[in-house]
Structure formats: structure tokens, C-alpha cells
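*Asks:* The structure that follows is given in the form of C-alpha cells.
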Amino acid sequence: MLPTHHAALTRSALAALSTLVLLAASPCEAATTATITPAEASLTLLTEAAGPRIEPTVYGHFVEHLGTGVYGGLWVGPQSRIPNTRGWRNDVLGALRRLKVPVIRWPGGCFADDYDWRDGIGAPSRRPVRLNKVWGNVPDDNRVGTHEFMDLAEQLGTEVYIAGNMGSMPPRAMAQWLEYMTSDSPSALANERRRNGRDKPWKVRYFGVGNESWGCGGHMRPEYAADLHRQYATFLRAPVVRVASGDGEGNERVTEVMMQMARDDMDAISLHHYTVPGPWEQKGLATGFDRQRWAKTLQEVTTGLEEHVAKTIAIMNRHDPAGRVALYVDEWGMWHDQEPGSNPGFLYQQNTLRDAMVGALTFNVFHRHTDRVKMANLAQMVNVLQALVLTDGPRMLLTPTYHLFDLYLPFQGATPLKLTLQSPRYTEGDISLPAVDVTAARAADGSTHLALVNLDPTRPASVRTGLQQAATGRVLTAPAMDSHNTFDRPGHVQPAPYAAHPGPQGLTLDLPPRSIVVVRLATP
Ligand code: AHR
């Protein structure tokens, strides 16, 4: 049975709640009872497109050799007692399949610029053990290499985005990896792939030329990185989308110089944006935060990410007015302090309703910038940073972020619609934000979908639309700001059915405090 907050929320049920019993908005607060008037917002939905379609790859993922993101989380090996298909966990893959994973970036991140692809091919027992010097200095026996990763992608039916090493290997090594994977010729590299068990070439659609070249990828000046990008990209002769390493620190010069000096040798440029609610040294845990931190976190998206994306696009527009080069936000998500007792190099963190709220607001930002944002990759898929799935030996749980991706499925490939929104403010201390954030899109089958986020952790919101249609879908909320799923209580946070019907004033969508509502409008 669903917990009380998961009961279907209908317009009439919520309207009857003139006195709202508020559940604790903070883990540290006792539950309070108060009369709360919903914040009144007003939405006008237009039929005109707000931009090109939301590429499915905006709902992309990222898997790095980091902590238990690969080993343990996704891969257990063919001999494991944990049910698997050629080494990949059946339970985790089953959950991921439901999300229609459009693309996975691999093998890093920072790891990519310390990775030699040759370590990961050939007989598994003969592969070298290397230290993962970037993440915890732990041994990596290379049991997951190119063939295994490509098998994962084929099992999930997803495109691959390979991150090549520009930081510590020559251009020839990068070019040869691409040839090994994609050549149908009788070349020595293609024949080596065949001898290693794969006859048909794989399809590699996206190829990253280095990662964070301003940081772990080589601490390069933008001018040097641009030259190096041109050199490496020159030798990637197979038809791939060549992704240049862009900004990740809010340093506009990186985008500026890369676009100025290397735009003709790239098809996309990356942007990394992590949501960190406070100074880096005081990120705080994923759980146990107060309302100030909640507000600060959401502001980091609605203002911080929005500005980062908009400024980057403005630079791109100057250097590429035709809009040929795409922007890939190929690392995004919340970065908390690692869970106490876990390896600091493993970046293992819990995942709460707040993470899902950040995800929703992030997608809404991406939907507003579909002119350039053609791909985005959550960091990361399993057990690392803002994960979709957490595992503990044979056990697995789905995080609130997983449920968010599930709710937003109708937006993959849909066309964003213009809208105007009048929202009241949500204020916490010196932070003031629109209480409600909305995105809308039309799917290929003509159906219209809305996602509405109520940022206020304590006050419900009512969104008047004037529409004459019913809306049905699901709502994601939870008793506390930091509610999360545990291995003992894996279903604590999960979506519930939601329905609203037009009244005399048209359709009003009632949003519980701290909630995400995704609905499909009935055909008029
Ligand atoms: O996602 C974790 C790390 O964050 C990646 O390896 C790196 O690219 C970024 O700094």
C-alpha cells in the first residue's frame, strides 16, 4: 500500500484542504500544523513552439570508472551469484531499460585522460591491473573494457559517447581506438577486434576529445587546449560527432577561446555544471539540511545553471551564428559530501527529494535552450554523485532522481511550447525565487505534457491555466525535504497518481509543497 502522501491527489481533494496538515519540511523539525493558503500562480500555454525539439539525448547518462559506479554497481562479472547477463546486473539494467536510456558517456570524466584503451581489450584474465589514480588509487583489473561497455550499450539499446584521452596519450592512440571500434575494413586494428570476438564494427556516434582540459585533463591554458583539440580531432577520421572539452568552472574564457580557435574542428562543446549548495569545502551531506540550504540549492539551478548555460550560448552565438556547434552539458548533477564511512575517492552520496527537485529544474532550463543544448549527461548513473540507482551487494534501490527521469520520459523528443507564467515568490532569508517553475512540450503523437515544480518546501501552490481539459499524470513529493529511499525502505519516495479536472474557471493544477507534477492534457 502507498503511504498517505502517495495517495492520488485530485483537484477536489486538495481544494477541500483549507486547513493543511504540514508534514515536517526538515528532518530536524517536528511536524507542525498550520493553515496555509496556497500560493496562486497563473499559466498561459501557447500552441507555438518555443524552440527545436528536446533531443532525447538531453536525458543522457554518464558512467565512469569511479568507486562502485561500474564494478559492483553495474558490473558484477559473469561468474557472480548476482543475476547478470554477460557480467551486467539484470536488476539494474531492468530498471535502466524503463528510462529509455538514449546515450551513455564512458569511461570518464577525469578517468578518461588516464585511460589506455588497450588495457581493456583481449582475454580478460590477461588484462593488466592498473591503479585508478584519479579515484581512490584503487586497482582496476580492466575486466570492463571496450567490448564489455559496448555490450552494456547494446543490452540497453543506447548510443555511446566515448571519451578519448587527450591528456596523457598521443593522438595516434585516440585515432586507433576509434578505428578499432568502427572500422569494417581488413585493417590490422579491425582484425584485432574480430579476433577479440567482435566481427561487426560498433556504431560510435559521439566522441569526446579529452575531458576538463583546464583541470584533471591536463591543466591546460585554453589556447593550448584549443590547439591540442585541433590536432587530435584531425586524426579522428571516422564520421563521429567530435566533442571539445569546454568550461566547467564558470570560466568564460574557456568557451571563448575554444570557439574562437577550434570551432571548425568540433561539432559540439561540453559544459560541466555541478550544483553545490555552498562553498566547495562546506558542501554538506545529501541529507539533514535546513530550509536555507534547500533554497540556496534550488537557487543554484534557477539562477546559477540558467546563467551558466545562457552565457555559454551567448559566446557560441558570437562565434557560430549559424548554430552548427551544439552544447553538451555532459556532466551535471548535485555534488554533496560523500556519505560518512565511505571512501572519499568514491563520491558515494545519498539522494533525496531535493536532488529530484534539482533535476526537474535542470531539465526545465535545458528545455528553454534547445537551440543549442542537444545533449546532457547526469553525473552519474549508479552509486556515484547524483545517482539513479544505489546498490549494496545484491540489493538495489531507485533514487528520487530515478523517479524524476521516469516522470519526464514524455519530454524525450518532444517540442517545447511557449508559455507565460505569473508566479508568486518563495522567500527564505535573503533568497527570493519564483515559487513555481513550469515547462510544457508537445510529443510526436500530438499529446501535450506539462511539468510543474513547486519549489516552496512548506506552501502549496495553485496554478490556474484557463484550459478546458483534464490533466492526468503523476506527482513526486515526500514527507520531508530530505526524504530518501533506503535498502530497508526502498519505496519511501516514489511517484503517485495525479489527476485534475477543469472547473468553472478552467483547469487549476494544485501542487503540494516541495513537489514535481507531470501531466498529460486530455485531447480537447
Ligand atoms: O563526475 C566526477 C568528476 O567530475 C569527473 O570525473 C570530472 O570530469 C568532473 O570534475
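The way I read the labels, and the way they are meant: chains A, B, ... in the order of the C-alpha cells, residue 1 as the first residue of every chain, and ligand 1 as the first ligand shown, with later ones counted on from there.
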At a cut-off of 7 Å and counting only C-alpha atoms and all ligand atoms, what residues surround ligand 1? Please answer as an mmCIF file with N, CA and C atoms, in the first residue's frame.
*Replies:*
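Done, and the output landed in selection29.cif:
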data_model
loop_
_atom_site.group_PDB
_atom_site.id
_atom_site.type_symbol
_atom_site.label_atom_id
_atom_site.label_comp_id
_atom_site.auth_asym_id
_atom_site.auth_seq_id
_atom_site.Cartn_x
_atom_site.Cartn_y
_atom_site.Cartn_z
ATOM 1 N N GLU A 64 31.449 6.342 -15.200
ATOM 2 C CA GLU A 64 32.903 6.485 -15.104
ATOM 3 C C GLU A 64 33.471 5.344 -14.256
ATOM 4 N N GLY A 108 35.118 8.116 -18.662
ATOM 5 C CA GLY A 108 35.250 9.221 -17.720
ATOM 6 C C GLY A 108 34.757 10.441 -18.439
ATOM 7 N N GLY A 109 34.783 11.522 -17.759
ATOM 8 C CA GLY A 109 35.434 12.053 -16.627
ATOM 9 C C GLY A 109 36.963 12.045 -16.615
ATOM 10 N N CYS A 110 37.419 12.435 -15.441
ATOM 11 C CA CYS A 110 38.870 12.540 -15.250
ATOM 12 C C CYS A 110 39.565 11.225 -15.594
ATOM 13 N N PHE A 111 38.893 10.117 -15.337
ATOM 14 C CA PHE A 111 39.496 8.807 -15.612
ATOM 15 C C PHE A 111 39.894 8.676 -17.084
ATOM 16 N N ASN A 211 38.782 15.615 -21.616
ATOM 17 C CA ASN A 211 37.795 15.985 -20.605
ATOM 18 C C ASN A 211 38.420 17.021 -19.665
ATOM 19 N N GLU A 212 37.693 18.075 -19.401
ATOM 20 C CA GLU A 212 38.163 19.114 -18.461
ATOM 21 C C GLU A 212 39.652 19.392 -18.666
ATOM 22 N N GLU A 331 28.211 16.771 -18.056
ATOM 23 C CA GLU A 331 28.242 16.395 -16.634
ATOM 24 C C GLU A 331 27.391 17.404 -15.889
ATOM 25 N N ALA A 379 25.523 13.096 -13.910
ATOM 26 C CA ALA A 379 26.686 12.508 -13.249
ATOM 27 C C ALA A 379 26.250 12.001 -11.865
ATOM 28 N N GLN A 380 26.200 10.680 -11.735
ATOM 29 C CA GLN A 380 26.464 9.613 -12.679
ATOM 30 C C GLN A 380 25.375 8.548 -12.526
#
*Asks:* If you count only C-alpha atoms, which residues fall within 10 Å of A:Pro56, apart from same-chain ones fewer than 5 positions away, as a PyMOL selection string?
*Replies:* chain A and resi 100-103+374-376+409-414
*Asks:* Suppose we keep N, CA, C and O atoms; can you now write the selection as a JSON list (two decimals), in the first residue's frame?
*Replies:*
[["chain", "number", "residue", "atom", "x", "y", "z"],
["A", 100, "LYS", "N", 14.51, 4.31, -21.03],
["A", 100, "LYS", "CA", 14.86, 4.53, -22.45],
["A", 100, "LYS", "C", 16.16, 5.32, -22.56],
["A", 100, "LYS", "O", 16.19, 6.40, -23.20],
["A", 101, "VAL", "N", 17.20, 4.82, -21.95],
["A", 101, "VAL", "CA", 18.50, 5.50, -21.91],
["A", 101, "VAL", "C", 18.94, 5.85, -23.33],
["A", 101, "VAL", "O", 19.15, 4.95, -24.16],
["A", 102, "PRO", "N", 19.09, 7.13, -23.67],
["A", 102, "PRO", "CA", 19.40, 7.47, -25.05],
["A", 102, "PRO", "C", 20.90, 7.43, -25.37],
["A", 102, "PRO", "O", 21.28, 7.19, -26.52],
["A", 103, "VAL", "N", 21.73, 7.69, -24.37],
["A", 103, "VAL", "CA", 23.18, 7.74, -24.62],
["A", 103, "VAL", "C", 23.92, 7.56, -23.29],
["A", 103, "VAL", "O", 23.43, 8.02, -22.25],
["A", 374, "LYS", "N", 21.90, 20.08, -26.91],
["A", 374, "LYS", "CA", 21.45, 18.90, -27.66],
["A", 374, "LYS", "C", 21.77, 17.61, -26.90],
["A", 374, "LYS", "O", 21.35, 16.54, -27.32],
["A", 375, "MET", "N", 22.55, 17.74, -25.87],
["A", 375, "MET", "CA", 22.82, 16.56, -25.04],
["A", 375, "MET", "C", 23.13, 17.01, -23.62],
["A", 375, "MET", "O", 23.68, 18.11, -23.42],
["A", 376, "ALA", "N", 22.76, 16.17, -22.66],
["A", 376, "ALA", "CA", 23.16, 16.41, -21.26],
["A", 376, "ALA", "C", 23.31, 15.04, -20.62],
["A", 376, "ALA", "O", 22.61, 14.09, -20.98],
["A", 409, "LEU", "N", 9.88, 11.22, -18.91],
["A", 409, "LEU", "CA", 10.02, 10.46, -20.16],
["A", 409, "LEU", "C", 9.26, 11.08, -21.35],
["A", 409, "LEU", "O", 9.78, 11.10, -22.47],
["A", 410, "PRO", "N", 8.03, 11.60, -21.13],
["A", 410, "PRO", "CA", 7.31, 12.14, -22.31],
["A", 410, "PRO", "C", 8.03, 13.31, -22.98],
["A", 410, "PRO", "O", 7.71, 13.66, -24.12],
["A", 411, "PHE", "N", 9.01, 13.91, -22.29],
["A", 411, "PHE", "CA", 9.69, 15.07, -22.88],
["A", 411, "PHE", "C", 10.80, 14.66, -23.84],
["A", 411, "PHE", "O", 11.30, 15.50, -24.60],
["A", 412, "GLN", "N", 11.19, 13.40, -23.83],
["A", 412, "GLN", "CA", 12.25, 12.96, -24.76],
["A", 412, "GLN", "C", 11.73, 13.08, -26.19],
["A", 412, "GLN", "O", 10.79, 12.39, -26.57],
["A", 413, "GLY", "N", 12.33, 13.96, -26.96],
["A", 413, "GLY", "CA", 11.94, 14.11, -28.36],
["A", 413, "GLY", "C", 10.75, 15.04, -28.58],
["A", 413, "GLY", "O", 10.34, 15.26, -29.72],
["A", 414, "ALA", "N", 10.17, 15.59, -27.51],
["A", 414, "ALA", "CA", 9.01, 16.48, -27.65],
["A", 414, "ALA", "C", 9.47, 17.90, -27.99],
["A", 414, "ALA", "O", 10.64, 18.25, -27.81]]
*Asks:* Write out as a PyMOL selection string each polymer residue whose atoms come within 12 Å of A:Trp280, counting only C-alpha atoms; drop sequence neighbours fewer than 5 positions from it.
*Replies:* chain A and resi 249+274-275+285+334-337
*Asks:* List every residue of stretch 68-222 of chain A that DSSP, applied to the backbone, labels as strand (DSSP E), and write the result as a ChimeraX atom specification.
*Replies:* /A:84-85,88-89,103-106,130-132,138-140,159-164,206-209
*Asks:* Could you list, as a count of residues only, every residue within 12 Å of A:Asn90, counting only C-alpha atoms and ignoring same-chain residues fewer than 4 positions away?
*Replies:* 23
*Asks:* When DSSP is applied to the backbone of this structure, which of stretch 241-436 of chain A are assigned helix (DSSP H, G or I)? Write them out as a ChimeraX atom specification.
*Replies:* /A:252-265,280-282,291-319,344-346,353-367,400-407,409-411
*Asks:* Using only C-alpha atoms, which of the listed residues (A:Thr57, A:Asn317, A:Asn377, A:Thr448) sits closest to A:Pro524?
*Replies:*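 Once distances to A:Pro524 are computed over only C-alpha atoms, the minimum belongs to A:Thr448.
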*Asks:* Just checking: using only C-alpha atoms, which residue out of A:Pro128, A:Gly284, A:Pro52, A:Gly164 ends up closest to A:Gly323?
*Replies:*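 Using only C-alpha atoms, A:Gly323 sits closest to A:Pro52.
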*Asks:* Within 6 Å of stretch 135-151 of chain A, counting only C-alpha atoms, which residues qualify if same-chain residues fewer than 3 places away don't, as an MDAnalysis selection string?
*Replies:* chainID A and resid 66 120:121 124 129:132 154 345
*Asks:* Save out the residues we just selected, N, CA, C and O atoms, as a PDB file, in the first residue's frame.
*Replies:*
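As a result, part_36.pdb now contains:
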ATOM      1  N   LEU A  66      34.806   4.796 -11.445  1.00  0.00           N
ATOM      2  CA  LEU A  66      34.896   5.628 -10.241  1.00  0.00           C
ATOM      3  C   LEU A  66      34.109   4.918  -9.149  1.00  0.00           C
ATOM      4  O   LEU A  66      32.912   4.633  -9.347  1.00  0.00           O
ATOM      5  N   GLY A 120      42.032  -2.568 -21.904  1.00  0.00           N
ATOM      6  CA  GLY A 120      40.695  -3.137 -21.730  1.00  0.00           C
ATOM      7  C   GLY A 120      40.234  -4.000 -22.891  1.00  0.00           C
ATOM      8  O   GLY A 120      39.027  -4.151 -23.087  1.00  0.00           O
ATOM      9  N   ILE A 121      41.170  -4.540 -23.673  1.00  0.00           N
ATOM     10  CA  ILE A 121      40.763  -5.473 -24.752  1.00  0.00           C
ATOM     11  C   ILE A 121      41.542  -6.777 -24.580  1.00  0.00           C
ATOM     12  O   ILE A 121      42.525  -6.829 -23.843  1.00  0.00           O
ATOM     13  N   PRO A 124      40.208 -11.352 -20.791  1.00  0.00           N
ATOM     14  CA  PRO A 124      40.091 -10.620 -19.525  1.00  0.00           C
ATOM     15  C   PRO A 124      41.162 -10.998 -18.512  1.00  0.00           C
ATOM     16  O   PRO A 124      41.704 -10.130 -17.817  1.00  0.00           O
ATOM     17  N   VAL A 129      46.344  -5.020 -14.439  1.00  0.00           N
ATOM     18  CA  VAL A 129      45.703  -4.308 -13.327  1.00  0.00           C
ATOM     19  C   VAL A 129      46.376  -2.945 -13.228  1.00  0.00           C
ATOM     20  O   VAL A 129      47.597  -2.860 -13.139  1.00  0.00           O
ATOM     21  N   ARG A 130      45.593  -1.904 -13.302  1.00  0.00           N
ATOM     22  CA  ARG A 130      46.137  -0.538 -13.168  1.00  0.00           C
ATOM     23  C   ARG A 130      45.543   0.104 -11.934  1.00  0.00           C
ATOM     24  O   ARG A 130      44.430  -0.225 -11.533  1.00  0.00           O
ATOM     25  N   LEU A 131      46.283   1.061 -11.403  1.00  0.00           N
ATOM     26  CA  LEU A 131      45.711   1.832 -10.294  1.00  0.00           C
ATOM     27  C   LEU A 131      44.849   2.943 -10.867  1.00  0.00           C
ATOM     28  O   LEU A 131      45.268   3.635 -11.798  1.00  0.00           O
ATOM     29  N   ASN A 132      43.672   3.088 -10.315  1.00  0.00           N
ATOM     30  CA  ASN A 132      42.824   4.212 -10.702  1.00  0.00           C
ATOM     31  C   ASN A 132      43.296   5.412  -9.880  1.00  0.00           C
ATOM     32  O   ASN A 132      42.816   5.683  -8.781  1.00  0.00           O
ATOM     33  N   GLU A 154      24.565  -2.159 -25.961  1.00  0.00           N
ATOM     34  CA  GLU A 154      23.640  -2.937 -26.812  1.00  0.00           C
ATOM     35  C   GLU A 154      22.518  -3.533 -25.985  1.00  0.00           C
ATOM     36  O   GLU A 154      21.361  -3.569 -26.414  1.00  0.00           O
ATOM     37  N   GLY A 345      37.283   8.932  -2.122  1.00  0.00           N
ATOM     38  CA  GLY A 345      37.565   8.926  -3.566  1.00  0.00           C
ATOM     39  C   GLY A 345      36.437   8.310  -4.376  1.00  0.00           C
ATOM     40  O   GLY A 345      36.515   8.243  -5.606  1.00  0.00           O
TER      41      GLY A 345
END
*Asks:* Extract, using only C-alpha atoms, all DNA, RNA and protein residues at most 9 Å from A:Pro457, discarding same-chain residues fewer than 2 positions from it, and format them as a list in words.
*Replies:*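 Close residues of A:Pro457: Ala25, Ser26, Arg291, Trp294, Ala295, Asn454, Leu455, Arg459, Pro460, Ala480, Met481, Pro512, Pro513, Arg514 and Ser515 of chain A.
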*Asks:* Could you pull the residues within 12 Å of A:Asp320, counting only C-alpha atoms, minus those fewer than 5 positions along the same chain, as a list in words?
*Replies:*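 My reading of the contact set: Thr255, Glu256, Met258, Met259, Gln260, Met261, Ala262, Arg263, Asp264, Met266, Asp267, Ala268, Ile269, Thr312, Ile313, Ala314, Ile315, Val325, Ala326, Leu327 and Arg372 of chain A.
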